[in-house]
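Asker: Submitted below is the structure of interest, expressed as structure tokens.
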Amino acid sequence: MREYFRRFRFYLRLTGVAPISRRYFVMNLFDGAMAALGVIVGAWTSGPVQPRIIIGAGLGMSLAMGISGFSGTYLVERAERLRRLREVEKSLLMGLEDSIHGKAMRMAILWAATVDALSPALAAITSISPFVLAHRGLISVDQAATFSILIILTILFSLGVFTGRVSREKVILSGVRMLIVGVITAILLFLVGRI
Amino acid sequence: MVHDPTVKKIVLDVLKPHQPSIPELASRLVACHGVDHVNITLAEIDQNTESIKVQVDGSDVKLDGLRKCIEELGATIHSVDEVEVVRRTTQK
């Protein structure tokens, strides 16, 4: 197991996939959180809503975003990395499919696609989780919607903090910037729902 | 009494991609069978590749095993530039 992780980390280093997957993670977590915000605020402000519908719509959206993220990233990463491998093969005058480069490339493609698939699903499922409590009758729909919006805003703020740490900027400022995007979106969705 | 020739040192001209890096490559080669010491010098750097001089010292260096190790890392041997062989006496 330790040897497997050592090899995994070596392949991550070799392919340089770590910063790319970090970018995918932030981008798609943001997408997932914003899409969940759209579903929750849109449904909540449109009229009486059953928690079951929000849960169903949220899970369906997570699954669709996961499949879309995995297949899209798999195809794009594969095309880019295969092209790069062929260029290096041409320079070396030897095949690299069976070398660590081929193995690392295949692992990097799967890793990037998995991160791209799981991150929006993670954000969406976390965001709709209060509606499970509402479905069980433990809290009201209004309370569930409020908790969901708070969870989404927390995810957005955390993403801002994370990107602020990556860029070595002021983390709070970066978090607030991301939070403002979420608040503006929520207000717009609220206004649209009231029409 | 049999006198087996044993390779103690080989200097190779190797062409490799930029990754794995030279320290990483050296660490991997030193783990190959019969290798005790690896010294790598960068000779030339290109857009996709690096030419390096690899000096390998060991108690019993096998060129075929070394070639396999190098090719697994995505590098290729251009030429064998230097070899040092000693006679090892074994009891049969």
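Simple scheme: letters A, B, ... for chains in structure tokens order, numbers from 1 for residues in each chain, numbers from 1 for ligands in the order shown.
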Starting from chain A, keep only residues with some atom at most 10 Å from an atom of chain B, counting only C-alpha atoms, and report them as a PyMOL selection string.
Answerer: chain A and resi 10-11+13-16+84-85+87-102
Asker: Compile the contact shell of stretch 79-90 of chain B as a list of chain:residue names: residues with an atom at most 10 Å away, counting only C-alpha atoms, same-chain residues fewer than 2 positions apart removed.
Answerer: B:Met1, B:Val2, B:His3, B:Asp4, B:Pro5, B:Thr6, B:Val7, B:Lys8, B:Lys9, B:Ile10, B:Val11, B:Leu12, B:Asp13, B:Val14, B:Leu15, B:Lys53, B:Val54, B:Gln55, B:Val56, B:Asp57, B:Ser59, B:Asp60, B:Val61, B:Leu63, B:Thr76, B:Ile77, B:Lys92
Asker: To test your reading of the structure, identify every residue in stretch 15-72 of chain B that backbone DSSP assigns to strand (DSSP E), and report it as a list in words.
Answerer: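 Result set for stretch 15-72 of chain B (strand (DSSP E)): Leu15, Lys16, Pro17, His37, Val38, Asn39, Ile40, Thr41, Leu42, Ala43, Glu44, Ile45, Thr49, Glu50, Ser51, Ile52, Lys53, Val54, Gln55, Val56 and Asp57 of chain B.
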Asker: Please, could you write that set of residues out with N, CA and C atoms as a tab-separated table (two decimals), in the first residue's frame?
Answerer:
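Output file again.tsv is given in full below:
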chain	number	residue	atom	x	y	z
B	15	LEU	N	20.03	9.66	-23.62
B	15	LEU	CA	19.08	10.70	-24.00
B	15	LEU	C	17.79	10.46	-23.21
B	16	LYS	N	17.33	11.48	-22.52
B	16	LYS	CA	16.14	11.32	-21.67
B	16	LYS	C	15.17	12.48	-21.84
B	17	PRO	N	13.86	12.27	-21.57
B	17	PRO	CA	12.94	13.41	-21.54
B	17	PRO	C	13.25	14.28	-20.31
B	37	HIS	N	26.87	3.12	-7.05
B	37	HIS	CA	27.11	4.56	-7.13
B	37	HIS	C	26.75	5.07	-8.52
B	38	VAL	N	26.04	6.18	-8.57
B	38	VAL	CA	25.65	6.76	-9.87
B	38	VAL	C	26.04	8.23	-9.89
B	39	ASN	N	26.65	8.64	-10.99
B	39	ASN	CA	27.01	10.04	-11.17
B	39	ASN	C	26.46	10.50	-12.51
B	40	ILE	N	25.66	11.54	-12.52
B	40	ILE	CA	25.07	12.02	-13.79
B	40	ILE	C	25.47	13.46	-14.05
B	41	THR	N	25.92	13.71	-15.28
B	41	THR	CA	26.29	15.07	-15.67
B	41	THR	C	25.45	15.47	-16.88
B	42	LEU	N	24.88	16.65	-16.81
B	42	LEU	CA	24.08	17.15	-17.95
B	42	LEU	C	25.02	17.64	-19.04
B	43	ALA	N	24.82	17.11	-20.25
B	43	ALA	CA	25.69	17.49	-21.37
B	43	ALA	C	25.00	18.51	-22.27
B	44	GLU	N	23.72	18.30	-22.53
B	44	GLU	CA	23.01	19.18	-23.47
B	44	GLU	C	21.52	19.16	-23.14
B	45	ILE	N	20.88	20.29	-23.37
B	45	ILE	CA	19.44	20.35	-23.10
B	45	ILE	C	18.71	20.85	-24.34
B	49	THR	N	14.16	17.04	-24.78
B	49	THR	CA	15.08	16.03	-24.21
B	49	THR	C	16.31	16.64	-23.54
B	50	GLU	N	17.04	15.78	-22.82
B	50	GLU	CA	18.31	16.16	-22.20
B	50	GLU	C	19.32	15.06	-22.51
B	51	SER	N	20.52	15.44	-22.92
B	51	SER	CA	21.60	14.46	-23.09
B	51	SER	C	22.40	14.45	-21.81
B	52	ILE	N	22.61	13.26	-21.27
B	52	ILE	CA	23.33	13.18	-20.00
B	52	ILE	C	24.43	12.12	-20.06
B	53	LYS	N	25.47	12.32	-19.26
B	53	LYS	CA	26.52	11.30	-19.10
B	53	LYS	C	26.25	10.60	-17.78
B	54	VAL	N	26.06	9.30	-17.86
B	54	VAL	CA	25.75	8.54	-16.65
B	54	VAL	C	26.93	7.63	-16.31
B	55	GLN	N	27.53	7.88	-15.16
B	55	GLN	CA	28.62	7.00	-14.71
B	55	GLN	C	28.07	6.10	-13.61
B	56	VAL	N	28.19	4.80	-13.85
B	56	VAL	CA	27.66	3.82	-12.90
B	56	VAL	C	28.80	2.97	-12.35
B	57	ASP	N	28.94	2.92	-11.04
B	57	ASP	CA	29.95	2.07	-10.41
B	57	ASP	C	29.24	1.02	-9.56
Asker: Can you pull out every residue from chain B that DSSP, working from the backbone, puts in alpha helix (DSSP H), and format the result as number ranges by chain?
Answerer: B: 22-29, 63-72
Asker: Please produce a file of the residues just selected, as an mmCIF file, in the first residue's frame, where the atoms kept are C-alpha atoms.
Answerer:
data_model
loop_
_atom_site.group_PDB
_atom_site.id
_atom_site.type_symbol
_atom_site.label_atom_id
_atom_site.label_comp_id
_atom_site.auth_asym_id
_atom_site.auth_seq_id
_atom_site.Cartn_x
_atom_site.Cartn_y
_atom_site.Cartn_z
ATOM 1 C CA ILE B 22 18.265 14.016 -13.028
ATOM 2 C CA PRO B 23 18.190 13.504 -9.205
ATOM 3 C CA GLU B 24 15.097 11.293 -9.580
ATOM 4 C CA LEU B 25 16.736 9.278 -12.376
ATOM 5 C CA ALA B 26 19.939 8.854 -10.329
ATOM 6 C CA SER B 27 17.945 7.664 -7.291
ATOM 7 C CA ARG B 28 16.132 5.113 -9.441
ATOM 8 C CA LEU B 29 19.293 3.852 -11.186
ATOM 9 C CA LEU B 63 24.710 -3.671 -18.928
ATOM 10 C CA ASP B 64 21.484 -5.443 -19.953
ATOM 11 C CA GLY B 65 19.906 -4.877 -16.541
ATOM 12 C CA LEU B 66 21.038 -1.268 -16.582
ATOM 13 C CA ARG B 67 19.610 -0.772 -20.089
ATOM 14 C CA LYS B 68 16.265 -2.168 -18.909
ATOM 15 C CA CYS B 69 16.251 0.170 -15.881
ATOM 16 C CA ILE B 70 17.063 3.182 -18.082
ATOM 17 C CA GLU B 71 14.445 2.307 -20.732
ATOM 18 C CA GLU B 72 11.767 1.770 -18.092
#
Asker: Quick one: residues within 7 Å of A:Pro120, only C-alpha atoms counted, chain neighbours fewer than 2 positions away excluded, as a compact mmCIF listing (two decimals) with N, CA and C atoms, in the first residue's frame?
Answerer:
# COMPACT_ATOMS: atom_id res chain seq x y z
N ASN A 28 -14.62 23.09 -10.61
CA ASN A 28 -15.82 22.25 -10.60
C ASN A 28 -16.56 22.26 -9.28
N LEU A 29 -15.80 22.46 -8.19
CA LEU A 29 -16.47 22.60 -6.90
C LEU A 29 -17.30 23.89 -6.94
N ASP A 31 -18.50 25.30 -9.69
CA ASP A 31 -19.63 25.00 -10.59
C ASP A 31 -20.74 24.25 -9.86
N GLY A 32 -20.34 23.22 -9.11
CA GLY A 32 -21.31 22.39 -8.38
C GLY A 32 -22.06 23.20 -7.35
N SER A 62 -25.96 16.27 -9.81
CA SER A 62 -24.63 15.79 -9.41
C SER A 62 -24.17 14.68 -10.34
N MET A 65 -23.42 16.10 -13.82
CA MET A 65 -22.18 16.88 -13.80
C MET A 65 -20.97 15.97 -13.63
N GLY A 66 -21.14 14.90 -12.84
CA GLY A 66 -20.05 13.95 -12.63
C GLY A 66 -19.70 13.22 -13.92
N ALA A 117 -14.86 14.78 -11.96
CA ALA A 117 -16.19 14.17 -11.78
C ALA A 117 -16.69 14.33 -10.35
N LEU A 118 -15.80 14.14 -9.38
CA LEU A 118 -16.25 14.11 -7.99
C LEU A 118 -16.45 15.49 -7.36
N LEU A 122 -19.54 16.53 -5.08
CA LEU A 122 -19.29 16.75 -3.65
C LEU A 122 -19.96 18.05 -3.18
N ALA A 123 -19.80 19.11 -3.97
CA ALA A 123 -20.39 20.41 -3.61
C ALA A 123 -21.91 20.32 -3.63
N ALA A 124 -22.46 19.71 -4.67
CA ALA A 124 -23.92 19.66 -4.81
C ALA A 124 -24.56 18.81 -3.73
